[in-house]
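Enquirer: Sending over my_file.pdb (PDB, C-alpha atoms and all ligand atoms).
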ATOM      1  CA  MET A   1     -27.934  23.659   0.006
ATOM      2  CA  ASN A   2     -28.218  22.679  -3.668
ATOM      3  CA  ILE A   3     -25.672  20.800  -5.806
ATOM      4  CA  ASN A   4     -24.375  23.940  -7.472
ATOM      5  CA  THR A   5     -23.636  25.728  -4.184
ATOM      6  CA  ALA A   6     -22.125  22.602  -2.626
ATOM      7  CA  ILE A   7     -19.702  22.252  -5.549
ATOM      8  CA  LYS A   8     -18.766  25.936  -5.487
ATOM      9  CA  GLU A   9     -18.209  25.963  -1.711
ATOM     10  CA  GLY A  10     -16.284  22.665  -1.825
ATOM     11  CA  ALA A  11     -14.061  23.931  -4.634
ATOM     12  CA  LYS A  12     -13.417  27.211  -2.795
ATOM     13  CA  PHE A  13     -12.286  25.283   0.303
ATOM     14  CA  LEU A  14     -10.026  22.981  -1.738
ATOM     15  CA  LYS A  15      -8.500  25.925  -3.593
ATOM     16  CA  LYS A  16      -7.737  27.637  -0.290
ATOM     17  CA  ASN A  17      -5.916  24.475   0.737
ATOM     18  CA  LYS A  18      -3.876  24.479  -2.504
ATOM     19  CA  ILE A  19      -5.503  21.428  -4.070
ATOM     20  CA  LYS A  20      -4.685  21.462  -7.784
ATOM     21  CA  SER A  21      -8.026  20.640  -9.444
ATOM     22  CA  PRO A  22     -10.612  21.947  -6.946
ATOM     23  CA  ASP A  23     -13.622  22.103  -9.308
ATOM     24  CA  LEU A  24     -13.176  18.625 -10.738
ATOM     25  CA  ASP A  25     -12.462  17.129  -7.320
ATOM     26  CA  SER A  26     -15.542  18.613  -5.707
ATOM     27  CA  GLU A  27     -17.699  17.349  -8.594
ATOM     28  CA  LEU A  28     -16.221  13.868  -8.272
ATOM     29  CA  LEU A  29     -16.703  13.803  -4.503
ATOM     30  CA  LEU A  30     -20.304  14.911  -4.784
ATOM     31  CA  SER A  31     -20.904  12.241  -7.476
ATOM     32  CA  LYS A  32     -19.549   9.701  -5.003
ATOM     33  CA  VAL A  33     -21.886  10.941  -2.253
ATOM     34  CA  LEU A  34     -24.953  10.887  -4.510
ATOM     35  CA  LYS A  35     -23.899   7.571  -6.159
ATOM     36  CA  LYS A  36     -24.406   9.214  -9.561
ATOM     37  CA  LYS A  37     -22.202   9.904 -12.574
ATOM     38  CA  ARG A  38     -20.412  13.274 -12.776
ATOM     39  CA  GLU A  39     -22.676  14.248 -15.710
ATOM     40  CA  TYR A  40     -25.727  13.910 -13.443
ATOM     41  CA  VAL A  41     -24.209  16.248 -10.881
ATOM     42  CA  MET A  42     -23.394  18.789 -13.576
ATOM     43  CA  LEU A  43     -26.873  18.636 -15.134
ATOM     44  CA  ASN A  44     -28.897  18.776 -11.911
ATOM     45  CA  SER A  45     -27.349  21.780 -10.206
ATOM     46  CA  ASN A  46     -30.593  22.846  -8.486
ATOM     47  CA  GLU A  47     -31.227  19.537  -6.723
ATOM     48  CA  LEU A  48     -31.082  19.869  -2.927
ATOM     49  CA  LEU A  49     -28.724  17.836  -0.719
ATOM     50  CA  ASP A  50     -30.217  16.282   2.406
ATOM     51  CA  ASP A  51     -28.360  16.638   5.746
ATOM     52  CA  GLU A  52     -26.835  13.180   5.642
ATOM     53  CA  ASN A  53     -25.386  13.666   2.145
ATOM     54  CA  PHE A  54     -24.141  17.128   3.009
ATOM     55  CA  LYS A  55     -22.267  15.803   6.064
ATOM     56  CA  TYR A  56     -20.743  12.985   4.015
ATOM     57  CA  TYR A  57     -19.701  15.426   1.274
ATOM     58  CA  TYR A  58     -18.205  17.866   3.767
ATOM     59  CA  ASP A  59     -16.201  15.034   5.338
ATOM     60  CA  LEU A  60     -14.801  13.984   1.923
ATOM     61  CA  ILE A  61     -13.917  17.582   1.052
ATOM     62  CA  LYS A  62     -12.083  17.898   4.363
ATOM     63  CA  GLN A  63     -10.108  14.703   3.728
ATOM     64  CA  ARG A  64      -9.227  15.896   0.213
ATOM     65  CA  SER A  65      -8.067  19.240   1.617
ATOM     66  CA  PHE A  66      -5.498  17.323   3.711
ATOM     67  CA  GLY A  67      -4.147  15.808   0.477
ATOM     68  CA  LYS A  68      -5.771  12.374   0.488
ATOM     69  CA  PRO A  69      -5.803  11.308  -3.198
ATOM     70  CA  ILE A  70      -9.134  11.506  -4.958
ATOM     71  CA  ALA A  71      -8.865   7.835  -6.072
ATOM     72  CA  TYR A  72      -8.815   6.703  -2.418
ATOM     73  CA  LEU A  73     -11.819   8.893  -1.634
ATOM     74  CA  ILE A  74     -13.972   7.777  -4.568
ATOM     75  CA  GLY A  75     -12.581   4.212  -4.551
ATOM     76  CA  LYS A  76     -11.783   3.917  -8.236
ATOM     77  CA  LYS A  77      -9.361   4.906 -10.992
ATOM     78  CA  SER A  78      -9.450   4.505 -14.772
ATOM     79  CA  PHE A  79      -6.485   2.677 -16.254
ATOM     80  CA  TRP A  80      -6.056   1.544 -19.873
ATOM     81  CA  LYS A  81      -9.583   0.487 -20.891
ATOM     82  CA  SER A  82     -11.110  -0.344 -17.502
ATOM     83  CA  GLU A  83     -12.100   1.207 -14.236
ATOM     84  CA  PHE A  84     -10.200  -0.346 -11.307
ATOM     85  CA  LEU A  85     -11.375  -0.489  -7.718
ATOM     86  CA  ILE A  86      -8.886   1.331  -5.500
ATOM     87  CA  ARG A  87      -8.336   1.186  -1.753
ATOM     88  CA  GLU A  88      -5.900   2.766   0.676
ATOM     89  CA  GLY A  89      -2.734   0.740   1.192
ATOM     90  CA  VAL A  90      -2.398  -0.026  -2.529
ATOM     91  CA  LEU A  91      -0.621   2.139  -5.119
ATOM     92  CA  ILE A  92      -2.940   4.166  -7.368
ATOM     93  CA  PRO A  93      -2.294   3.214 -11.025
ATOM     94  CA  ARG A  94      -0.447   5.912 -12.990
ATOM     95  CA  PRO A  95      -1.135   6.866 -16.629
ATOM     96  CA  ASP A  96       2.579   6.350 -17.489
ATOM     97  CA  THR A  97       2.284   2.694 -16.494
ATOM     98  CA  GLU A  98      -0.189   2.197 -19.358
ATOM     99  CA  ILE A  99       2.909   2.227 -21.591
ATOM    100  CA  LEU A 100       3.812  -1.241 -20.257
ATOM    101  CA  VAL A 101       0.387  -2.535 -21.307
ATOM    102  CA  GLU A 102       0.516  -0.819 -24.687
ATOM    103  CA  GLU A 103       4.005  -2.112 -25.551
ATOM    104  CA  THR A 104       3.271  -5.641 -24.342
ATOM    105  CA  LEU A 105       0.115  -5.814 -26.445
ATOM    106  CA  LYS A 106       2.052  -4.527 -29.470
ATOM    107  CA  ASP A 107       4.783  -7.130 -28.963
ATOM    108  CA  TYR A 108       2.323  -9.986 -28.432
ATOM    109  CA  LYS A 109      -0.141  -8.908 -31.105
ATOM    110  CA  PHE A 110       0.163 -12.171 -33.038
ATOM    111  CA  LYS A 111       0.778 -14.478 -30.039
ATOM    112  CA  LYS A 112      -2.250 -16.447 -29.015
ATOM    113  CA  TYR A 113      -0.900 -17.910 -25.794
ATOM    114  CA  ALA A 114       1.406 -16.597 -23.064
ATOM    115  CA  ASN A 115       2.079 -17.348 -19.452
ATOM    116  CA  ILE A 116       2.708 -14.067 -17.602
ATOM    117  CA  LEU A 117       4.083 -13.190 -14.181
ATOM    118  CA  ASP A 118       3.448  -9.721 -12.706
ATOM    119  CA  ILE A 119       5.876  -8.963  -9.864
ATOM    120  CA  GLY A 120       4.327  -6.418  -7.477
ATOM    121  CA  VAL A 121       0.830  -6.704  -8.925
ATOM    122  CA  GLY A 122      -0.676  -3.907  -6.753
ATOM    123  CA  SER A 123      -4.230  -3.164  -7.905
ATOM    124  CA  GLY A 124      -3.732  -5.597 -10.795
ATOM    125  CA  CYS A 125      -3.826  -2.753 -13.317
ATOM    126  CA  ILE A 126      -1.082  -4.058 -15.650
ATOM    127  CA  LEU A 127      -1.717  -7.785 -15.603
ATOM    128  CA  LEU A 128      -5.524  -7.633 -15.643
ATOM    129  CA  SER A 129      -5.539  -5.099 -18.492
ATOM    130  CA  ILE A 130      -3.462  -7.515 -20.582
ATOM    131  CA  LEU A 131      -5.546 -10.577 -19.635
ATOM    132  CA  LYS A 132      -8.714  -8.716 -20.565
ATOM    133  CA  GLU A 133      -7.412  -8.038 -24.064
ATOM    134  CA  LYS A 134      -5.830 -11.476 -24.665
ATOM    135  CA  PRO A 135      -8.381 -14.191 -23.868
ATOM    136  CA  PHE A 136      -5.878 -17.082 -24.027
ATOM    137  CA  PHE A 137      -3.199 -15.531 -21.829
ATOM    138  CA  TYR A 138      -2.756 -16.772 -18.271
ATOM    139  CA  GLY A 139      -1.269 -14.813 -15.393
ATOM    140  CA  ILE A 140       0.203 -15.040 -11.946
ATOM    141  CA  GLY A 141       0.354 -11.882  -9.858
ATOM    142  CA  ILE A 142       2.528 -11.760  -6.759
ATOM    143  CA  ASP A 143       2.791  -9.076  -4.115
ATOM    144  CA  ILE A 144       4.206  -8.817  -0.621
ATOM    145  CA  SER A 145       1.120  -6.811   0.446
ATOM    146  CA  SER A 146      -2.069  -8.695   1.298
ATOM    147  CA  LYS A 147      -4.113  -5.533   0.627
ATOM    148  CA  SER A 148      -2.798  -5.603  -2.959
ATOM    149  CA  ILE A 149      -3.602  -9.275  -3.405
ATOM    150  CA  ASP A 150      -7.159  -8.771  -2.077
ATOM    151  CA  LEU A 151      -7.724  -5.747  -4.312
ATOM    152  CA  SER A 152      -6.331  -7.510  -7.401
ATOM    153  CA  ARG A 153      -8.737 -10.379  -6.699
ATOM    154  CA  ASP A 154     -11.704  -7.984  -6.525
ATOM    155  CA  ASN A 155     -10.581  -6.264  -9.719
ATOM    156  CA  ALA A 156     -10.128  -9.605 -11.497
ATOM    157  CA  ARG A 157     -13.720 -10.490 -10.612
ATOM    158  CA  LYS A 158     -14.904  -7.077 -11.839
ATOM    159  CA  LEU A 159     -13.030  -7.411 -15.149
ATOM    160  CA  GLY A 160     -14.078 -11.039 -15.670
ATOM    161  CA  VAL A 161     -10.545 -12.515 -15.837
ATOM    162  CA  LYS A 162     -10.475 -14.357 -12.496
ATOM    163  CA  ASN A 163     -10.418 -17.827 -14.046
ATOM    164  CA  ARG A 164      -7.132 -17.102 -15.869
ATOM    165  CA  LEU A 165      -5.355 -15.637 -12.885
ATOM    166  CA  LYS A 166      -3.606 -16.856  -9.775
ATOM    167  CA  LEU A 167      -2.662 -14.399  -7.012
ATOM    168  CA  ILE A 168      -0.018 -15.167  -4.436
ATOM    169  CA  LYS A 169       1.009 -13.135  -1.410
ATOM    170  CA  THR A 170       4.767 -13.527  -1.285
ATOM    171  CA  ASN A 171       8.040 -11.686  -1.263
ATOM    172  CA  VAL A 172       9.532 -11.980  -4.752
ATOM    173  CA  ASP A 173      12.800 -13.113  -3.136
ATOM    174  CA  ASN A 174      11.047 -16.284  -1.937
ATOM    175  CA  PHE A 175       9.107 -16.978  -5.121
ATOM    176  CA  CYS A 176      10.392 -19.745  -7.379
ATOM    177  CA  PHE A 177       7.300 -21.288  -8.951
ATOM    178  CA  GLY A 178       6.956 -21.912 -12.701
ATOM    179  CA  LYS A 179       8.590 -20.674 -15.904
ATOM    180  CA  TYR A 180       7.169 -17.709 -17.795
ATOM    181  CA  ASP A 181       7.010 -16.357 -21.354
ATOM    182  CA  LEU A 182       6.766 -12.842 -20.012
ATOM    183  CA  ILE A 183       7.457 -11.040 -16.752
ATOM    184  CA  ILE A 184       6.026  -7.558 -16.243
ATOM    185  CA  THR A 185       6.822  -5.351 -13.316
ATOM    186  CA  ASN A 186       6.482  -1.837 -12.011
ATOM    187  CA  PRO A 187       8.764  -2.169  -8.994
ATOM    188  CA  PRO A 188       9.289   0.293  -6.148
ATOM    189  CA  TYR A 189      12.071   2.484  -7.573
ATOM    190  CA  ILE A 190      12.147   5.768  -5.647
ATOM    191  CA  LYS A 191      15.297   6.506  -3.647
ATOM    192  CA  LYS A 192      14.485   6.046   0.051
ATOM    193  CA  ASN A 193      15.597   9.560   1.027
ATOM    194  CA  LYS A 194      13.631  11.179  -1.846
ATOM    195  CA  ILE A 195      10.220   9.821  -0.846
ATOM    196  CA  LYS A 196       9.581  12.694   1.540
ATOM    197  CA  TYR A 197      10.062  15.187  -1.322
ATOM    198  CA  LEU A 198       7.328  13.645  -3.515
ATOM    199  CA  GLU A 199       3.968  15.442  -3.671
ATOM    200  CA  LYS A 200       2.267  15.228  -0.289
ATOM    201  CA  ASP A 201      -0.667  13.313  -1.828
ATOM    202  CA  VAL A 202       1.883  10.577  -2.576
ATOM    203  CA  SER A 203       4.331  10.682   0.329
ATOM    204  CA  ASN A 204       1.636  11.015   3.018
ATOM    205  CA  PHE A 205      -0.938   8.609   1.644
ATOM    206  CA  GLU A 206       0.468   6.008  -0.754
ATOM    207  CA  PRO A 207       2.153   2.885   0.652
ATOM    208  CA  ASN A 208       5.855   3.178   1.294
ATOM    209  CA  LEU A 209       6.235  -0.461   0.295
ATOM    210  CA  ALA A 210       5.171   0.446  -3.253
ATOM    211  CA  LEU A 211       7.633   3.352  -3.521
ATOM    212  CA  ASP A 212      10.783   2.535  -1.577
ATOM    213  CA  GLY A 213      13.547   1.313  -3.897
ATOM    214  CA  GLY A 214      16.284   1.428  -1.240
ATOM    215  CA  LEU A 215      19.166   3.884  -0.958
ATOM    216  CA  ASP A 216      19.839   4.293  -4.681
ATOM    217  CA  GLY A 217      16.386   3.270  -5.971
ATOM    218  CA  THR A 218      17.566   0.062  -7.640
ATOM    219  CA  LEU A 219      17.476  -2.392  -4.733
ATOM    220  CA  LYS A 220      14.146  -3.993  -5.713
ATOM    221  CA  ILE A 221      14.929  -3.759  -9.425
ATOM    222  CA  LEU A 222      18.138  -5.721  -8.954
ATOM    223  CA  GLY A 223      16.304  -8.446  -7.011
ATOM    224  CA  ILE A 224      13.673  -8.661  -9.743
ATOM    225  CA  ILE A 225      16.273  -8.881 -12.531
ATOM    226  CA  LYS A 226      18.071 -11.718 -10.745
ATOM    227  CA  LYS A 227      14.797 -13.538 -10.101
ATOM    228  CA  SER A 228      13.558 -12.999 -13.664
ATOM    229  CA  SER A 229      16.670 -14.496 -15.203
ATOM    230  CA  PHE A 230      15.743 -17.667 -13.303
ATOM    231  CA  LEU A 231      11.955 -17.572 -13.837
ATOM    232  CA  LEU A 232      11.864 -16.661 -17.535
ATOM    233  CA  LYS A 233      11.902 -19.268 -20.276
ATOM    234  CA  LYS A 234      14.734 -18.908 -22.816
ATOM    235  CA  ASN A 235      13.827 -15.997 -25.120
ATOM    236  CA  GLY A 236      11.225 -14.906 -22.568
ATOM    237  CA  LYS A 237      10.708 -11.166 -22.151
ATOM    238  CA  LEU A 238      10.981  -8.854 -19.185
ATOM    239  CA  VAL A 239       8.986  -5.597 -19.341
ATOM    240  CA  LEU A 240      10.174  -3.285 -16.604
ATOM    241  CA  GLU A 241       9.104   0.202 -15.522
ATOM    242  CA  ILE A 242      11.943   2.481 -14.378
ATOM    243  CA  SER A 243      12.331   5.984 -13.041
ATOM    244  CA  ASN A 244      13.439   8.698 -15.486
ATOM    245  CA  ASN A 245      17.096   8.661 -14.357
ATOM    246  CA  GLN A 246      17.660   4.898 -14.096
ATOM    247  CA  LYS A 247      18.143   3.883 -17.741
ATOM    248  CA  ILE A 248      21.940   3.599 -17.751
ATOM    249  CA  VAL A 249      22.285   1.771 -14.451
ATOM    250  CA  VAL A 250      19.394  -0.640 -15.114
ATOM    251  CA  VAL A 251      20.567  -1.451 -18.655
ATOM    252  CA  LYS A 252      23.980  -2.300 -17.158
ATOM    253  CA  LEU A 253      22.393  -4.598 -14.541
ATOM    254  CA  LEU A 254      20.322  -6.318 -17.230
ATOM    255  CA  LYS A 255      23.291  -6.867 -19.553
ATOM    256  CA  GLN A 256      25.373  -8.246 -16.669
ATOM    257  CA  ARG A 257      22.677 -10.882 -16.143
ATOM    258  CA  GLY A 258      22.462 -11.912 -19.786
ATOM    259  CA  PHE A 259      19.515  -9.869 -21.034
ATOM    260  CA  TYR A 260      19.353  -8.430 -24.538
ATOM    261  CA  ILE A 261      17.794  -4.939 -24.584
ATOM    262  CA  ASN A 262      15.006  -4.800 -27.177
ATOM    263  CA  LYS A 263      13.820  -1.264 -26.611
ATOM    264  CA  ILE A 264      13.515   1.585 -24.160
ATOM    265  CA  ILE A 265      10.296   3.539 -24.324
ATOM    266  CA  LYS A 266       9.664   7.085 -23.179
ATOM    267  CA  ASP A 267       6.553   8.178 -21.286
ATOM    268  CA  TYR A 268       4.158  11.006 -22.214
ATOM    269  CA  ALA A 269       6.596  13.533 -20.687
ATOM    270  CA  GLN A 270       9.483  12.120 -22.796
ATOM    271  CA  ASN A 271      11.220  10.466 -19.814
ATOM    272  CA  ASP A 272      12.694   6.963 -20.195
ATOM    273  CA  ARG A 273      10.016   4.857 -18.537
ATOM    274  CA  CYS A 274       9.991   1.265 -19.745
ATOM    275  CA  ILE A 275      12.645  -1.260 -20.753
ATOM    276  CA  ILE A 276      11.765  -4.340 -22.786
ATOM    277  CA  CYS A 277      14.449  -7.017 -22.824
ATOM    278  CA  THR A 278      14.908 -10.703 -23.628
ATOM    279  CA  LYS A 279      16.532 -13.460 -21.660
ATOM    280  CA  ILE A 280      19.046 -14.974 -24.043
TER     281      ILE A 280
HETATM  282  C1  LIG B 301       5.127   0.524  -7.717
HETATM  283  S1  LIG B 301       3.977  -0.627  -7.031
HETATM  284  C2  LIG B 301       3.237  -1.255  -8.519
HETATM  285  C3  LIG B 301       1.809  -1.712  -8.352
HETATM  286  C4  LIG B 301       1.091  -1.987  -9.681
HETATM  287  N1  LIG B 301       1.756  -3.010 -10.429
HETATM  288  C5  LIG B 301       1.003  -0.710 -10.494
HETATM  289  O1  LIG B 301       1.716  -0.596 -11.514
HETATM  290  O2  LIG B 301       0.220   0.183 -10.136
HETATM  291  C6  LIG B 301       5.045  -1.919  -6.493
HETATM  292  C7  LIG B 301       4.352  -3.099  -5.850
HETATM  293  O3  LIG B 301       5.379  -4.047  -5.451
HETATM  294  C8  LIG B 301       5.018  -4.595  -4.207
HETATM  295  N2  LIG B 301       6.259  -5.080  -3.565
HETATM  296  C9  LIG B 301       7.208  -4.356  -2.911
HETATM  297  N3  LIG B 301       8.196  -5.121  -2.487
HETATM  298  C10 LIG B 301       7.894  -6.393  -2.883
HETATM  299  C11 LIG B 301       8.536  -7.654  -2.713
HETATM  300  N4  LIG B 301       9.710  -7.751  -2.080
HETATM  301  N5  LIG B 301       7.949  -8.763  -3.225
HETATM  302  C12 LIG B 301       6.749  -8.657  -3.879
HETATM  303  N6  LIG B 301       6.094  -7.485  -4.058
HETATM  304  C13 LIG B 301       6.654  -6.367  -3.568
HETATM  305  C14 LIG B 301       4.323  -3.476  -3.477
HETATM  306  O4  LIG B 301       3.496  -3.956  -2.445
HETATM  307  C15 LIG B 301       3.551  -2.789  -4.610
HETATM  308  O5  LIG B 301       2.250  -3.304  -4.729
END
Let me see whether you can do it: turn the structure in this file into structure tokens.

Expert:
Amino acid sequence: MNINTAIKEGAKFLKKNKIKSPDLDSELLLSKVLKKKREYVMLNSNELLDDENFKYYYDLIKQRSFGKPIAYLIGKKSFWKSEFLIREGVLIPRPDTEILVEETLKDYKFKKYANILDIGVGSGCILLSILKEKPFFYGIGIDISSKSIDLSRDNARKLGVKNRLKLIKTNVDNFCFGKYDLIITNPPYIKKNKIKYLEKDVSNFEPNLALDGGLDGTLKILGIIKKSSFLLKKNGKLVLEISNNQKIVVVKLLKQRGFYINKIIKDYAQNDRCIICTKI
């Protein structure tokens, strides 16, 4: 079988199984199998696949047809200006989360130095993207998941920011080390009983620990706000991702704990997505 037929057959199978972008996914999976860029696969459609590669490709297509996210299958995901390594057990970075990076970089455009804490660092996508752009910023990333800490470490090595980063496996509730200019966080904020209604790619494959925000979705957020009011320096900033219906309740929690709301930013779909506030 040649590349062209393999892609067509793969896409047909994915489409039958209601996968949303069957053509793109089959191209990406074949690129993974052949260890080549997608462009190569598209430009060499007559090249023949050997048996071993065909079996590997067929296995990936089958896994994708069950809903396993493409980022877990190809082991990478683009975020901000870098490509991050991705592994199962760690949340796949979302485009909307880039807003936290964008806004932080805008706010700190003229600041040369900052000491940052990322609570729930995951793949490292937020913190490492900022460290890469600001060569005199230092960061600590914490996460309760050892898979996240290991992956963040590998990504830090890949992005060349390892020497300005410390990673600690801990529950945020037990963390009380240092004082920070800036805390960034994309906490688990989905209501516990809503997780099963998310797309099956998410609910069946992404880690519950990264999604579950307790009964009303704000359990982890509240813990982080309390902890941040202790860990931030005076006038330090908290940059927090929220779900589209949490603005009012989270603003109230922040004000109750002495934060001044600087701005609330919408995502690409015009949902409230990020709150920037100051500890006063
Ligand atoms: C929504 S994910 C965000 C991951 C990454 N920052 C991103 O934006 O892609 C939330 C992260 O918080 C971590 N987490 C959940 N509960 C935690 C806790 N109590 N203490 C520390 N980290 C926690 C999860 O393991 C997960 O990596």

Enquirer: Taking the file above as input, evaluate the PyMOL selection byres (((not hetatm)) within 8 of (chain B and resi 301)) and report the hits as JSON, numbers by chain.

Expert: {"A": [90, 91, 92, 93, 94, 97, 118, 119, 120, 121, 122, 123, 124, 125, 126, 127, 142, 143, 144, 145, 148, 169, 170, 171, 172, 173, 185, 186, 187, 188, 189, 207, 209, 210, 211, 212, 220]}

Enquirer: Run the PyMOL selection byres (((chain A and resi 156-159) around 9) and not hetatm) on the file and write out the hits as a list in words.

Expert: Ser82, Glu83, Phe84, Leu85, Gly124, Leu128, Ser129, Lys132, Leu151, Ser152, Arg153, Asp154, Asn155, Gly160, Val161, Lys162, Asn163 and Leu165 of chain A

Enquirer: List the residues selected by the PyMOL selection byres (((chain A and resi 134) around 10) and not hetatm) in the file shown, writing them as a list in words.

Expert: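 Expected selection for the PyMOL selection byres (((chain A and resi 134) around 10) and not hetatm) here is Leu105, Tyr108, Lys109, Lys111, Lys112, Tyr113, Ala114, Leu128, Ser129, Ile130, Leu131, Lys132, Glu133, Pro135, Phe136, Phe137 and Tyr138 of chain A.
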
Enquirer: May I have the selected residues written with C-alpha atoms, as a compact mmCIF listing (two decimals), in the frame of the given file?

Expert:
# COMPACT_ATOMS: atom_id res chain seq x y z
CA LEU A 105 0.12 -5.81 -26.44
CA TYR A 108 2.32 -9.99 -28.43
CA LYS A 109 -0.14 -8.91 -31.10
CA LYS A 111 0.78 -14.48 -30.04
CA LYS A 112 -2.25 -16.45 -29.02
CA TYR A 113 -0.90 -17.91 -25.79
CA ALA A 114 1.41 -16.60 -23.06
CA LEU A 128 -5.52 -7.63 -15.64
CA SER A 129 -5.54 -5.10 -18.49
CA ILE A 130 -3.46 -7.52 -20.58
CA LEU A 131 -5.55 -10.58 -19.64
CA LYS A 132 -8.71 -8.72 -20.56
CA GLU A 133 -7.41 -8.04 -24.06
CA PRO A 135 -8.38 -14.19 -23.87
CA PHE A 136 -5.88 -17.08 -24.03
CA PHE A 137 -3.20 -15.53 -21.83
CA TYR A 138 -2.76 -16.77 -18.27

Enquirer: Which residue, A:Ile140, A:Ile184, A:Ile70, A:Val33, has the smallest gap to Ser21 (chain A) when you use all atoms listed in the file?

Expert: A:Ile70

Enquirer: State, in Å with one decimal place, the distance from CA of Lys266 (chain A) to CA of Asn245 (chain A).

Expert: 11.6 Å

Enquirer: Around all of region 50-57 of chain A's listed atoms, make the axis-aligned box with 3 Å on each side and tell me centre and edge lengths in Å to one decimal, as JSON.

Expert:
{"center_x": -25.0, "center_y": 15.1, "center_z": 3.7, "size_x": 16.5, "size_y": 10.1, "size_z": 10.8}

Enquirer: Looking at only C-alpha atoms, which of A:Lys16, A:Arg87, A:Lys37, A:Lys76 is the one that sits closest to Lys62 (chain A)?

Expert: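 Looking at the shortest contact to Lys62 (chain A), the residue is A:Lys16.
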
Enquirer: Calculate how many Å separate CA of Lys233 (chain A) from CA of Phe175 (chain A), rounding to one decimal.

Expert: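 Taking CA of Lys233 (chain A) and CA of Phe175 (chain A), their separation equals 15.6 Å.
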
Enquirer: With only C-alpha atoms as the atoms that count, which of A:Ser243, A:Asn271, A:Ser229, A:Ser26 lies nearest to Phe259 (chain A)?

Expert: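 Ranking A:Ser243, A:Asn271, A:Ser229, A:Ser26 by distance to Phe259 (chain A), first place goes to A:Ser229.
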
Enquirer: Tell me, in Å to one decimal, how far CA of Thr218 (chain A) is from CA of Tyr197 (chain A).

Expert: 18.0 Å

Enquirer: For Ser203 (chain A), which of A:Gln246, A:Ile190, A:Glu27, A:Ser65 is the closest residue, counting all atoms listed in the file?

Expert: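 Checking each candidate against Ser203 (chain A), we get A:Ile190 as the closest.
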
Enquirer: If we count all atoms listed in the file, what is near Pro95 (chain A) at a cut-off of 12 Å, once residues fewer than 3 positions away on the same chain are taken out, given as a list in words?

Expert: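 Close residues of Pro95 (chain A): Lys77, Ser78, Phe79, Trp80, Lys81, Ile92, Glu98, Ile99, Leu100, Val101, Glu102, Cys125, Ile126, Asp267, Tyr268, Ala269 and Arg273 of chain A.
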
Enquirer: Under the rule that all atoms listed in the file are counted, which of A:Gly214, A:Gly139, A:Gly223, A:Gly236 is the nearest residue to Leu182 (chain A)?

Expert: A:Gly236

Enquirer: Report as an mmCIF file with C-alpha atoms, in the frame of the given file all protein, DNA and RNA residues lying within 8 Å of Leu215 (chain A), evaluated on only C-alpha atoms, omitting residues in the same chain fewer than 5 positions from it.

Expert:
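Saved the output as selection_15.cif:
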data_model
loop_
_atom_site.group_PDB
_atom_site.id
_atom_site.type_symbol
_atom_site.label_atom_id
_atom_site.label_comp_id
_atom_site.auth_asym_id
_atom_site.auth_seq_id
_atom_site.Cartn_x
_atom_site.Cartn_y
_atom_site.Cartn_z
ATOM 1 C CA LYS A 191 15.297 6.506 -3.647
ATOM 2 C CA LYS A 192 14.485 6.046 0.051
ATOM 3 C CA ASN A 193 15.597 9.560 1.027
#

Enquirer: Compare A:Leu24, A:Ile248, A:Leu60, A:Ile149 by their minimum atom-to-atom distance to Val41 (chain A), counting only C-alpha atoms, and give me the closest one.

Expert: A:Leu24
